[in-house]
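See below for run_34.tsv, which holds TSV, C-alpha atoms.
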```tsv
chain	number	residue	atom	x	y	z
A	1	MET	CA	130.58	170.52	105.95
A	2	LEU	CA	127.10	169.38	106.92
A	3	MET	CA	127.39	171.19	110.26
A	4	LYS	CA	128.51	174.35	108.50
A	5	LEU	CA	125.61	174.12	106.08
A	6	ALA	CA	123.17	173.50	108.93
A	7	GLY	CA	124.39	176.59	110.77
A	8	ILE	CA	123.94	178.76	107.68
A	9	VAL	CA	120.44	177.37	107.05
A	10	VAL	CA	119.42	178.09	110.64
A	11	ALA	CA	120.83	181.62	110.43
A	12	VAL	CA	119.07	182.46	107.17
A	13	SER	CA	115.80	180.83	108.24
A	14	THR	CA	115.76	182.57	111.61
A	15	ALA	CA	116.34	185.95	110.01
A	16	THR	CA	113.58	185.17	107.49
A	17	LEU	CA	111.12	184.74	110.37
A	18	THR	CA	111.26	188.51	110.92
A	19	ILE	CA	109.69	189.19	107.50
A	20	VAL	CA	107.45	186.18	106.79
A	21	PRO	CA	104.08	187.32	105.39
A	22	ASN	CA	101.84	184.55	106.77
A	23	ALA	CA	101.61	181.54	109.07
A	24	TRP	CA	102.21	178.98	106.32
A	25	THR	CA	105.50	180.58	105.36
A	26	ALA	CA	106.50	180.70	109.02
A	27	LEU	CA	105.67	177.00	109.33
A	28	PHE	CA	107.89	176.15	106.36
A	29	VAL	CA	110.75	178.22	107.78
A	30	LEU	CA	110.41	176.54	111.18
A	31	MET	CA	110.54	173.14	109.48
A	32	CYS	CA	113.79	174.18	107.80
A	33	ILE	CA	115.24	175.21	111.16
A	34	GLU	CA	114.26	171.98	112.88
A	35	SER	CA	115.58	169.87	110.00
A	36	ALA	CA	118.91	171.70	110.01
A	37	LEU	CA	119.28	171.36	113.78
A	38	THR	CA	118.55	167.63	113.55
A	39	LEU	CA	121.13	167.24	110.80
A	40	ARG	CA	123.68	169.14	112.84
A	41	GLY	CA	123.07	166.98	115.92
A	42	ILE	CA	123.52	163.75	113.96
A	43	SER	CA	126.63	165.10	112.22
A	44	LEU	CA	128.14	166.22	115.51
A	45	LYS	CA	127.79	162.82	117.16
A	46	ALA	CA	129.11	161.00	114.11
A	47	THR	CA	132.03	163.42	113.67
A	48	LEU	CA	133.20	163.20	117.28
A	49	ALA	CA	133.01	159.41	117.15
A	50	ASP	CA	134.93	159.41	113.86
A	51	LEU	CA	137.68	161.88	114.68
A	52	LEU	CA	138.39	160.88	118.26
A	53	PRO	CA	139.68	157.61	119.71
A	54	PRO	CA	137.34	156.00	122.27
A	55	GLU	CA	139.30	157.18	125.30
A	56	GLN	CA	138.92	160.85	124.28
A	57	ARG	CA	135.21	160.80	123.39
A	58	PRO	CA	133.85	161.13	126.95
A	59	LYS	CA	135.90	164.29	127.51
A	60	ALA	CA	134.71	165.81	124.23
A	61	PHE	CA	131.07	164.99	124.88
A	62	SER	CA	131.40	166.32	128.43
A	63	LEU	CA	132.68	169.68	127.20
A	64	ASN	CA	129.97	169.79	124.53
A	65	TYR	CA	127.33	169.04	127.16
A	66	THR	CA	128.57	171.78	129.49
A	67	LEU	CA	128.62	174.45	126.78
A	68	ILE	CA	125.15	173.49	125.55
A	69	ASN	CA	123.70	173.84	129.04
A	70	VAL	CA	125.31	177.24	129.50
A	71	ALA	CA	123.93	178.39	126.15
A	72	PHE	CA	120.42	177.15	126.81
A	73	ALA	CA	120.41	178.83	130.21
A	74	LEU	CA	121.70	182.19	128.96
A	75	GLY	CA	120.00	182.30	125.54
A	76	PRO	CA	116.42	182.79	126.77
A	77	VAL	CA	117.57	185.44	129.27
A	78	LEU	CA	119.31	187.43	126.53
A	79	GLY	CA	116.35	186.84	124.24
A	80	ALA	CA	113.87	188.17	126.80
A	81	TRP	CA	116.02	191.29	127.28
A	82	LEU	CA	116.22	191.91	123.53
A	83	PHE	CA	112.51	191.21	123.15
A	84	ALA	CA	111.79	194.12	125.52
A	85	ILE	CA	113.86	196.39	123.27
A	86	LYS	CA	112.70	195.12	119.89
A	87	VAL	CA	110.31	192.27	119.13
A	88	SER	CA	112.55	190.77	116.45
A	89	GLY	CA	115.69	191.17	118.58
A	90	PRO	CA	115.86	187.52	119.78
A	91	LEU	CA	115.56	186.24	116.21
A	92	TRP	CA	118.41	188.42	114.95
A	93	MET	CA	120.55	187.33	117.91
A	94	ALA	CA	119.83	183.66	117.15
A	95	ALA	CA	120.65	184.19	113.47
A	96	ALA	CA	123.96	185.87	114.34
A	97	PHE	CA	124.99	183.09	116.72
A	98	SER	CA	124.02	180.40	114.21
A	99	LEU	CA	126.09	182.09	111.51
A	100	LEU	CA	129.00	182.39	113.93
A	101	ALA	CA	128.68	178.70	114.82
A	102	SER	CA	128.95	177.78	111.14
A	103	GLN	CA	132.28	179.62	110.89
A	104	VAL	CA	134.11	178.21	113.92
A	105	LEU	CA	134.10	174.55	112.88
A	106	GLY	CA	137.37	174.69	110.97
A	107	LYS	CA	138.10	173.50	107.46
A	108	PRO	CA	136.57	170.15	106.51
A	109	GLY	CA	138.97	167.25	106.23
A	110	THR	CA	141.81	168.85	108.23
A	111	ALA	CA	141.33	166.77	111.38
A	112	PRO	CA	142.97	163.35	111.57
A	113	ARG	CA	140.58	160.41	111.25
A	114	THR	CA	141.60	158.44	114.31
A	115	GLY	CA	138.27	156.79	115.02
A	116	GLU	CA	136.86	153.48	113.87
A	117	ALA	CA	135.52	154.92	110.62
A	118	SER	CA	139.09	155.47	109.45
A	119	ARG	CA	139.36	151.71	108.95
A	120	SER	CA	136.48	151.48	106.47
A	121	SER	CA	135.05	153.45	103.58
A	122	PRO	CA	131.52	154.87	103.73
A	123	ALA	CA	128.91	152.69	102.07
A	124	GLY	CA	126.69	153.93	99.29
A	125	PHE	CA	123.18	155.21	99.92
A	126	ARG	CA	121.43	152.10	98.63
A	127	ALA	CA	123.69	149.78	100.59
A	128	THR	CA	123.11	151.81	103.73
A	129	MET	CA	119.33	151.74	103.28
A	130	ARG	CA	119.42	147.96	102.80
A	131	VAL	CA	121.30	147.58	106.06
A	132	LEU	CA	118.93	149.89	107.93
A	133	ARG	CA	115.86	148.05	106.66
A	134	SER	CA	117.30	144.62	107.43
A	135	ASP	CA	118.73	145.44	110.88
A	136	ARG	CA	116.01	144.14	113.18
A	137	ARG	CA	117.84	145.42	116.24
A	138	LEU	CA	117.91	148.96	114.89
A	139	ILE	CA	114.18	148.83	114.18
A	140	LEU	CA	113.35	147.50	117.65
A	141	PHE	CA	115.64	149.94	119.42
A	142	SER	CA	114.19	152.83	117.42
A	143	MET	CA	110.65	151.74	118.30
A	144	GLY	CA	111.67	151.63	121.95
A	145	SER	CA	113.08	155.15	121.63
A	146	VAL	CA	109.82	156.41	120.10
A	147	LEU	CA	107.83	154.99	123.02
A	148	THR	CA	110.12	156.35	125.74
A	149	SER	CA	110.32	159.69	123.94
A	150	PHE	CA	106.53	159.77	123.99
A	151	VAL	CA	106.73	159.56	127.79
A	152	PHE	CA	109.39	162.17	128.53
A	153	GLY	CA	109.79	164.27	125.37
A	154	ARG	CA	107.16	166.88	126.23
A	155	PHE	CA	106.32	165.98	129.77
A	156	VAL	CA	106.26	169.60	130.99
A	157	SER	CA	105.14	171.56	127.92
A	158	GLY	CA	102.93	168.68	126.82
A	159	TYR	CA	100.79	166.59	129.12
A	160	LEU	CA	101.66	168.02	132.55
A	161	SER	CA	100.74	171.58	131.63
A	162	GLN	CA	97.51	170.36	130.02
A	163	TYR	CA	96.72	168.16	133.01
A	164	LEU	CA	97.35	170.95	135.52
A	165	ILE	CA	95.19	173.43	133.60
A	166	VAL	CA	92.33	170.91	133.42
A	167	SER	CA	92.57	169.70	137.01
A	168	GLN	CA	93.75	172.76	138.96
A	169	GLY	CA	93.28	175.82	136.77
A	170	THR	CA	95.56	178.33	135.10
A	171	GLN	CA	96.67	180.10	138.30
A	172	ALA	CA	97.80	176.92	140.04
A	173	THR	CA	99.54	175.79	136.87
A	174	ALA	CA	101.50	179.04	136.70
A	175	GLN	CA	102.61	178.52	140.31
A	176	LEU	CA	103.60	174.86	139.98
A	177	LEU	CA	105.36	174.79	136.61
A	178	PRO	CA	108.41	176.83	137.72
A	179	PHE	CA	109.08	174.32	140.53
A	180	ILE	CA	108.77	171.43	138.07
A	181	LEU	CA	111.04	173.07	135.49
A	182	ILE	CA	113.73	174.00	137.99
A	183	THR	CA	113.70	170.54	139.59
A	184	ASN	CA	114.00	168.88	136.22
A	185	ALA	CA	116.80	171.12	134.95
A	186	VAL	CA	118.88	170.95	138.14
A	187	THR	CA	118.52	167.17	138.36
A	188	VAL	CA	119.57	166.64	134.76
A	189	VAL	CA	122.62	168.88	135.05
A	190	THR	CA	123.67	167.43	138.42
A	191	LEU	CA	123.22	163.71	137.78
A	192	GLN	CA	123.77	163.29	134.04
A	193	TYR	CA	127.52	162.79	134.10
A	194	PRO	CA	127.87	160.81	137.38
A	195	VAL	CA	125.12	158.37	136.39
A	196	GLY	CA	126.45	158.04	132.85
A	197	LYS	CA	129.90	157.00	134.08
A	198	LEU	CA	128.36	154.00	135.85
A	199	MET	CA	126.75	152.58	132.71
A	200	GLN	CA	128.31	149.66	130.92
A	201	GLN	CA	127.28	148.02	127.68
A	202	LYS	CA	126.64	144.59	129.18
A	203	TYR	CA	124.14	146.04	131.67
A	204	LEU	CA	122.28	148.36	129.29
A	205	PHE	CA	118.97	146.49	129.49
A	206	ARG	CA	119.05	146.61	133.29
A	207	TRP	CA	119.64	150.34	133.16
A	208	VAL	CA	116.86	151.06	130.69
A	209	SER	CA	114.50	148.89	132.73
A	210	LEU	CA	115.37	150.87	135.85
A	211	GLY	CA	114.81	154.14	134.00
A	212	ALA	CA	111.41	153.05	132.69
A	213	THR	CA	110.44	151.91	136.18
A	214	LEU	CA	111.31	155.36	137.53
A	215	TYR	CA	109.18	156.84	134.74
A	216	ALA	CA	106.26	154.76	135.97
A	217	VAL	CA	106.83	155.72	139.60
A	218	GLY	CA	107.08	159.40	138.68
A	219	LEU	CA	103.89	159.21	136.62
A	220	LEU	CA	102.07	157.58	139.54
A	221	GLY	CA	103.37	160.44	141.68
A	222	PHE	CA	101.98	162.99	139.21
A	223	MET	CA	98.67	161.16	139.22
A	224	HIS	CA	98.29	161.43	143.02
A	225	ALA	CA	100.25	164.65	143.73
A	226	GLY	CA	98.39	167.04	146.00
A	227	SER	CA	101.01	169.58	147.07
A	228	ALA	CA	103.97	171.45	145.59
A	229	MET	CA	106.40	169.20	147.48
A	230	SER	CA	104.79	166.04	146.10
A	231	TRP	CA	105.04	167.48	142.58
A	232	VAL	CA	108.73	168.23	143.14
A	233	LEU	CA	109.42	164.71	144.46
A	234	ALA	CA	107.55	163.09	141.57
A	235	THR	CA	109.48	165.28	139.10
A	236	LEU	CA	112.76	164.28	140.77
A	237	VAL	CA	112.01	160.57	140.40
A	238	PHE	CA	110.80	161.01	136.81
A	239	THR	CA	113.88	163.03	135.87
A	240	VAL	CA	116.26	160.42	137.26
A	241	GLY	CA	114.55	157.99	134.91
A	242	GLU	CA	115.15	160.44	132.06
A	243	VAL	CA	118.81	160.77	133.01
A	244	ILE	CA	119.12	156.98	132.73
A	245	VAL	CA	117.01	156.23	129.65
A	246	ILE	CA	118.34	158.83	127.22
A	247	PRO	CA	122.00	157.75	127.32
A	248	CYS	CA	120.90	154.12	127.10
A	249	GLU	CA	119.13	154.90	123.83
A	250	TYR	CA	122.31	156.25	122.27
A	251	MET	CA	124.47	153.48	123.73
A	252	PHE	CA	122.18	150.82	122.24
A	253	ILE	CA	122.54	152.42	118.81
A	254	ASP	CA	126.29	152.94	119.13
A	255	MET	CA	126.67	149.31	120.17
A	256	ILE	CA	125.18	148.01	116.91
A	257	ALA	CA	126.18	150.75	114.43
A	258	PRO	CA	128.89	149.83	111.89
A	259	ALA	CA	131.66	152.42	111.83
A	260	ASP	CA	130.96	153.50	108.25
A	261	LYS	CA	127.20	153.84	108.86
A	262	ARG	CA	127.18	155.45	112.28
A	263	GLY	CA	125.62	158.68	111.02
A	264	SER	CA	122.81	156.75	109.32
A	265	TYR	CA	122.11	154.79	112.48
A	266	TYR	CA	122.02	157.97	114.56
A	267	GLY	CA	119.69	159.45	112.00
A	268	ALA	CA	117.33	156.48	112.26
A	269	GLN	CA	117.37	156.78	116.04
A	270	SER	CA	116.41	160.44	115.74
A	271	LEU	CA	112.98	159.26	114.59
A	272	ALA	CA	112.31	159.01	118.31
A	273	MET	CA	111.33	162.67	118.11
A	274	PHE	CA	108.06	161.53	116.58
A	275	GLY	CA	107.14	160.21	120.01
A	276	ALA	CA	107.70	163.61	121.57
A	277	ALA	CA	105.74	165.30	118.77
A	278	LEU	CA	102.75	162.99	119.25
A	279	ASN	CA	102.68	163.43	123.01
A	280	PRO	CA	100.69	166.71	123.28
A	281	VAL	CA	98.18	165.59	120.65
A	282	ILE	CA	97.43	162.17	122.11
A	283	CYS	CA	97.50	163.32	125.72
A	284	GLY	CA	95.25	166.28	124.91
A	285	PHE	CA	92.76	163.92	123.28
A	286	LEU	CA	92.81	161.58	126.30
A	287	LEU	CA	92.30	164.46	128.72
A	288	ALA	CA	89.40	165.80	126.68
A	289	HIS	CA	87.51	162.50	126.35
A	290	PHE	CA	88.50	160.35	129.35
A	291	HIS	CA	89.33	160.60	133.04
A	292	SER	CA	92.80	162.07	133.62
A	293	ASP	CA	94.05	158.79	135.13
A	294	VAL	CA	93.64	157.14	131.72
A	295	MET	CA	96.32	159.43	130.29
A	296	PHE	CA	98.83	158.48	132.97
A	297	TRP	CA	98.14	154.76	132.54
A	298	VAL	CA	98.67	155.10	128.79
A	299	LEU	CA	102.01	156.79	129.44
A	300	ILE	CA	103.04	154.08	131.92
A	301	SER	CA	102.06	151.42	129.38
A	302	ALA	CA	104.15	153.16	126.71
A	303	ALA	CA	107.19	153.14	129.02
A	304	MET	CA	106.80	149.43	129.73
A	305	LEU	CA	106.24	148.63	126.05
A	306	GLY	CA	109.41	150.53	125.25
A	307	VAL	CA	111.31	148.23	127.63
A	308	LEU	CA	109.87	145.22	125.80
A	309	MET	CA	111.15	146.65	122.50
A	310	TYR	CA	114.64	146.98	123.95
A	311	PHE	CA	114.43	143.46	125.34
A	312	ALA	CA	113.43	142.09	121.94
A	313	GLY	CA	116.27	144.06	120.34
A	314	THR	CA	118.87	142.61	122.69
A	315	ARG	CA	117.61	139.11	121.83
A	316	SER	CA	117.73	139.69	118.06
A	317	LYS	CA	120.64	138.52	115.99
A	318	PRO	CA	122.94	141.10	114.37
A	319	VAL	CA	122.89	141.69	110.63
A	320	GLU	CA	125.24	139.27	108.95
A	321	GLU	CA	127.96	141.03	107.04
A	322	GLN	CA	129.89	139.65	104.08
A	323	VAL	CA	133.42	138.61	104.83
A	324	PRO	CA	135.92	140.25	102.48
A	325	GLU	CA	138.00	137.79	100.49
A	326	ASN	CA	141.23	138.95	102.06
A	327	GLU	CA	139.93	138.47	105.61
A	328	THR	CA	139.04	135.43	107.61
A	329	ALA	CA	135.63	134.97	109.20
A	330	ALA	CA	137.05	135.53	112.66
A	331	GLU	CA	138.46	138.97	111.96
A	332	PRO	CA	135.25	140.87	111.15
A	333	ALA	CA	133.53	139.08	114.03
A	334	ALA	CA	136.09	140.56	116.38
A	335	VAL	CA	135.41	144.02	115.03
A	336	THR	CA	131.64	143.58	115.11
A	337	CYS	CA	131.61	142.37	118.70
A	338	LYS	CA	133.99	144.99	119.97
A	339	PRO	CA	132.10	147.02	122.59
A	340	ARG	CA	131.88	150.76	122.22
A	341	THR	CA	131.01	151.67	125.75
A	342	CYS	CA	132.59	155.11	125.73
A	343	LEU	CA	129.59	156.65	123.99
A	344	SER	CA	127.62	157.00	127.20
A	345	VAL	CA	125.38	159.62	128.71
A	346	LEU	CA	127.43	162.43	127.26
A	347	ALA	CA	126.41	161.53	123.71
A	348	ALA	CA	122.82	162.34	124.61
A	349	SER	CA	123.56	165.69	126.22
A	350	LYS	CA	122.42	167.77	123.27
A	351	GLN	CA	118.95	166.28	123.22
A	352	LEU	CA	118.65	166.56	127.01
A	353	ALA	CA	119.70	170.18	127.08
A	354	GLY	CA	117.41	171.04	124.19
A	355	ASN	CA	114.39	169.39	125.80
A	356	ARG	CA	114.81	170.46	129.39
A	357	VAL	CA	117.18	173.33	130.23
A	358	LYS	CA	115.91	175.66	127.52
A	359	ASN	CA	112.48	175.55	129.16
A	360	LEU	CA	113.87	177.03	132.38
A	361	PHE	CA	113.23	180.56	131.12
A	362	PRO	CA	110.18	180.34	128.83
A	363	LEU	CA	109.38	183.41	126.81
A	364	SER	CA	105.62	182.84	126.72
```
Could I get this structure in the form of structure tokens?
Amino acid sequence: MLMKLAGIVVAVSTATLTIVPNAWTALFVLMCIESALTLRGISLKATLADLLPPEQRPKAFSLNYTLINVAFALGPVLGAWLFAIKVSGPLWMAAAFSLLASQVLGKPGTAPRTGEASRSSPAGFRATMRVLRSDRRLILFSMGSVLTSFVFGRFVSGYLSQYLIVSQGTQATAQLLPFILITNAVTVVTLQYPVGKLMQQKYLFRWVSLGATLYAVGLLGFMHAGSAMSWVLATLVFTVGEVIVIPCEYMFIDMIAPADKRGSYYGAQSLAMFGAALNPVICGFLLAHFHSDVMFWVLISAAMLGVLMYFAGTRSKPVEEQVPENETAAEPAAVTCKPRTCLSVLAASKQLAGNRVKNLFPLS
């Protein structure tokens, strides 16, 4: 039901953009769109984990990932074609597709609840908020996600484009950005699934450390790049780090999320988008007031600090849960410690596709 509602909100809001009278109204409408899309993403991950047994989740997330990438590749092309015919054409197309998406989800409650959530009832809002506030691991993992998101969330449209304009000029930026975008998109699509299959819960910290190290190496490459080929190689290394880190973020959260609060935990992890939102502002300030190398060292420091947050989270104790009277202490411990390793790279595909592939055909 939440996904249906989100689709309708996006459709109505997108159509409203064609008649908004001023910038403030447009800003409000855009906020509604982003909020609805965030809600839909959280609901989708929670629903798939709830309705499907663990062995079927990778296949479902894989199909979802493939369709998202196709849509993000074709959407801007169709939008550019409609834009040439009528300026508001892309908005009406987006509204129509969003309304269609809200109608193809099926009736709520008709699918069998075969996942872990079927064994427990959803907690109330206050109880959920108490758990979120008291779960030190969730807080640390979310802080780590904010820091890593600050590094990769807007790395093309944020600090790299600003850096290239400042250091090499508009013309050189226009020539280099397509190579960077294509390299990033192709690498994500090619490596996301193969790399994700190799990840296991017990080695998550090693994987996220490797990903952050590749971030640092890629950033050093950006700092010293002097040719188109060096930019491509640095982007390749940086993107491999992205392919590794993003699924780790979701796997960390899935590992600690109780079955009846999975949606709330995913929602808390979505605060990582603040890191991506702050990136252009902070990096623009650093470029305007300091040498460009300072910006890259700040980004490298953020990546390393994010690893420290994940390390602290892995060392923190889980939230103690009350043992029901009709259960022994050993039974809930077995459920709590049961690994949920199936929620791998594929669970992060929506965010990856949204951040990277849709930029392959920019409209402006």
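Comparing A:Ser145, A:Asn279, A:Ser88, A:Thr213 by their smallest distance to Ala15 in chain A, the closest is A:Ser88 (using all atoms listed in the file).
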Selected residue of minimal separation from Ile182 in chain A among A:Phe83, A:Trp231, A:Phe222, A:Phe141, counting all atoms listed in the file: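 Residue with the minimum atom-to-atom distance to Ile182 in chain A: A:Trp231.
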Atom pair CA of Gly153 in chain A / CA of Met273 in chain A: separation (Å):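 One can read the CA of Gly153 in chain A to CA of Met273 in chain A distance as 7.6 Å.
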Around all listed atoms of range 134-152 of chain A, padded 6 Å per side, what centre and edge lengths does the axis-aligned box have in Å to one decimal, as lines of an AutoDock Vina configuration file?
```
center_x = 112.6
center_y = 153.2
center_z = 118.0
size_x = 24.2
size_y = 30.0
size_z = 33.1
```
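Distances here use all atoms listed in the file; by that measure, the residue among A:Ala84, A:Ala46, A:Ala212, A:Val240 closest to Leu147 in chain A is A:Ala212.
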Long-range neighbours of Gly89 in chain A as a list in words, 12 Å cut-off, all atoms listed in the file, 3 positions minimum in chain: Thr14, Ala15, Leu17, Thr18, Pro76, Leu78, Gly79, Ala80, Trp81, Leu82, Phe83, Ala84, Ile85, Lys86, Trp92, Met93, Ala94, Ala95 and Ala96 of chain A
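All protein and nucleic acid residues in the vicinity of (98.5, 155.1, 133.9), that is within 12 Å when counting all atoms listed in the file, are Val151, Tyr215, Ala216, Val217, Gly218, Leu219, Leu220, Gly221, Phe222, Met223, His224, Cys283, Leu286, His291, Ser292, Asp293, Val294, Met295, Phe296, Trp297, Val298, Leu299, Ile300, Ser301, Ala302, Ala303 and Met304 of chain A.
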Nearest-residue call for Thr239 in chain A, choices A:Met255, A:Leu271, A:Ala288, A:Ala185, using all atoms listed in the file: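 Among the listed residues, A:Ala185 lies closest to Thr239 in chain A.
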One-decimal distance in Å that lies between CA of Glu34 in chain A and CA of Lys261 in chain A: 22.6 Å
Atom-to-atom span, CA of Ser157 in chain A and CA of Ala272 in chain A, Å: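 CA of Ser157 in chain A sits 17.4 Å away from CA of Ala272 in chain A.
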Selection as a list of chain:residue names: residues within 10 Å of (108.3, 157.9, 115.8), counting all atoms listed in the file: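 Using all atoms listed in the file, the matching residues come out as A:Ser142, A:Met143, A:Gly144, A:Ser145, A:Val146, A:Leu147, A:Ser149, A:Phe150, A:Ala268, A:Gln269, A:Ser270, A:Leu271, A:Ala272, A:Met273, A:Phe274, A:Gly275, A:Ala276, A:Ala277, A:Leu278.
Nearest residue to Ser167 in chain A among A:Ser264, A:Leu287, A:Thr187, A:Phe155 is A:Leu287, counting only C-alpha atoms.
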Nearest to Lys202 in chain A by atom-to-atom distance, counting all atoms listed in the file, from A:Tyr163, A:Phe238, A:Phe97, A:Phe252: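 Smallest distance to Lys202 in chain A is found for A:Phe252.
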Because some atoms of range 228-250 of chain A are absent here, can you restore N, CA and C atoms and send them as a PDB file, in the coordinates of the input?
```pdb
ATOM      1  N   ALA A 228     102.788 171.066 146.373  1.00  0.00           N
ATOM      2  CA  ALA A 228     103.970 171.450 145.590  1.00  0.00           C
ATOM      3  C   ALA A 228     105.137 170.512 145.864  1.00  0.00           C
ATOM      4  N   MET A 229     105.295 170.091 147.138  1.00  0.00           N
ATOM      5  CA  MET A 229     106.400 169.200 147.480  1.00  0.00           C
ATOM      6  C   MET A 229     106.228 167.842 146.807  1.00  0.00           C
ATOM      7  N   SER A 230     105.007 167.327 146.755  1.00  0.00           N
ATOM      8  CA  SER A 230     104.790 166.040 146.100  1.00  0.00           C
ATOM      9  C   SER A 230     105.053 166.136 144.598  1.00  0.00           C
ATOM     10  N   TRP A 231     104.723 167.279 143.991  1.00  0.00           N
ATOM     11  CA  TRP A 231     105.040 167.480 142.580  1.00  0.00           C
ATOM     12  C   TRP A 231     106.551 167.505 142.354  1.00  0.00           C
ATOM     13  N   VAL A 232     107.268 168.160 143.259  1.00  0.00           N
ATOM     14  CA  VAL A 232     108.730 168.230 143.140  1.00  0.00           C
ATOM     15  C   VAL A 232     109.339 166.837 143.281  1.00  0.00           C
ATOM     16  N   LEU A 233     108.877 166.052 144.255  1.00  0.00           N
ATOM     17  CA  LEU A 233     109.420 164.710 144.460  1.00  0.00           C
ATOM     18  C   LEU A 233     109.119 163.808 143.266  1.00  0.00           C
ATOM     19  N   ALA A 234     107.887 163.897 142.740  1.00  0.00           N
ATOM     20  CA  ALA A 234     107.550 163.090 141.570  1.00  0.00           C
ATOM     21  C   ALA A 234     108.402 163.493 140.363  1.00  0.00           C
ATOM     22  N   THR A 235     108.633 164.799 140.194  1.00  0.00           N
ATOM     23  CA  THR A 235     109.480 165.280 139.100  1.00  0.00           C
ATOM     24  C   THR A 235     110.910 164.784 139.264  1.00  0.00           C
ATOM     25  N   LEU A 236     111.399 164.770 140.507  1.00  0.00           N
ATOM     26  CA  LEU A 236     112.760 164.280 140.770  1.00  0.00           C
ATOM     27  C   LEU A 236     112.902 162.826 140.353  1.00  0.00           C
ATOM     28  N   VAL A 237     111.951 161.989 140.752  1.00  0.00           N
ATOM     29  CA  VAL A 237     112.010 160.570 140.400  1.00  0.00           C
ATOM     30  C   VAL A 237     111.914 160.402 138.878  1.00  0.00           C
ATOM     31  N   PHE A 238     110.988 161.097 138.259  1.00  0.00           N
ATOM     32  CA  PHE A 238     110.800 161.010 136.810  1.00  0.00           C
ATOM     33  C   PHE A 238     112.063 161.445 136.079  1.00  0.00           C
ATOM     34  N   THR A 239     112.699 162.505 136.554  1.00  0.00           N
ATOM     35  CA  THR A 239     113.880 163.030 135.870  1.00  0.00           C
ATOM     36  C   THR A 239     115.066 162.092 136.000  1.00  0.00           C
ATOM     37  N   VAL A 240     115.196 161.411 137.136  1.00  0.00           N
ATOM     38  CA  VAL A 240     116.260 160.420 137.260  1.00  0.00           C
ATOM     39  C   VAL A 240     116.066 159.317 136.222  1.00  0.00           C
ATOM     40  N   GLY A 241     114.817 158.944 135.983  1.00  0.00           N
ATOM     41  CA  GLY A 241     114.550 157.990 134.910  1.00  0.00           C
ATOM     42  C   GLY A 241     114.968 158.531 133.557  1.00  0.00           C
ATOM     43  N   GLU A 242     114.723 159.800 133.319  1.00  0.00           N
ATOM     44  CA  GLU A 242     115.150 160.440 132.060  1.00  0.00           C
ATOM     45  C   GLU A 242     116.655 160.432 131.922  1.00  0.00           C
ATOM     46  N   VAL A 243     117.355 160.749 133.011  1.00  0.00           N
ATOM     47  CA  VAL A 243     118.810 160.770 133.010  1.00  0.00           C
ATOM     48  C   VAL A 243     119.379 159.393 132.637  1.00  0.00           C
ATOM     49  N   ILE A 244     118.671 158.339 133.024  1.00  0.00           N
ATOM     50  CA  ILE A 244     119.120 156.980 132.730  1.00  0.00           C
ATOM     51  C   ILE A 244     118.755 156.546 131.324  1.00  0.00           C
ATOM     52  N   VAL A 245     117.516 156.794 130.909  1.00  0.00           N
ATOM     53  CA  VAL A 245     117.010 156.230 129.650  1.00  0.00           C
ATOM     54  C   VAL A 245     117.675 156.865 128.439  1.00  0.00           C
ATOM     55  N   ILE A 246     117.827 158.175 128.421  1.00  0.00           N
ATOM     56  CA  ILE A 246     118.340 158.830 127.220  1.00  0.00           C
ATOM     57  C   ILE A 246     119.736 158.340 126.831  1.00  0.00           C
ATOM     58  N   PRO A 247     120.694 158.288 127.739  1.00  0.00           N
ATOM     59  CA  PRO A 247     122.000 157.750 127.320  1.00  0.00           C
ATOM     60  C   PRO A 247     121.929 156.296 126.890  1.00  0.00           C
ATOM     61  N   CYS A 248     121.049 155.513 127.521  1.00  0.00           N
ATOM     62  CA  CYS A 248     120.900 154.120 127.100  1.00  0.00           C
ATOM     63  C   CYS A 248     120.475 154.027 125.644  1.00  0.00           C
ATOM     64  N   GLU A 249     119.588 154.926 125.211  1.00  0.00           N
ATOM     65  CA  GLU A 249     119.130 154.900 123.830  1.00  0.00           C
ATOM     66  C   GLU A 249     120.297 155.072 122.859  1.00  0.00           C
ATOM     67  N   TYR A 250     121.179 156.019 123.149  1.00  0.00           N
ATOM     68  CA  TYR A 250     122.310 156.250 122.270  1.00  0.00           C
ATOM     69  C   TYR A 250     123.341 155.120 122.370  1.00  0.00           C
TER      70      TYR A 250
END
```
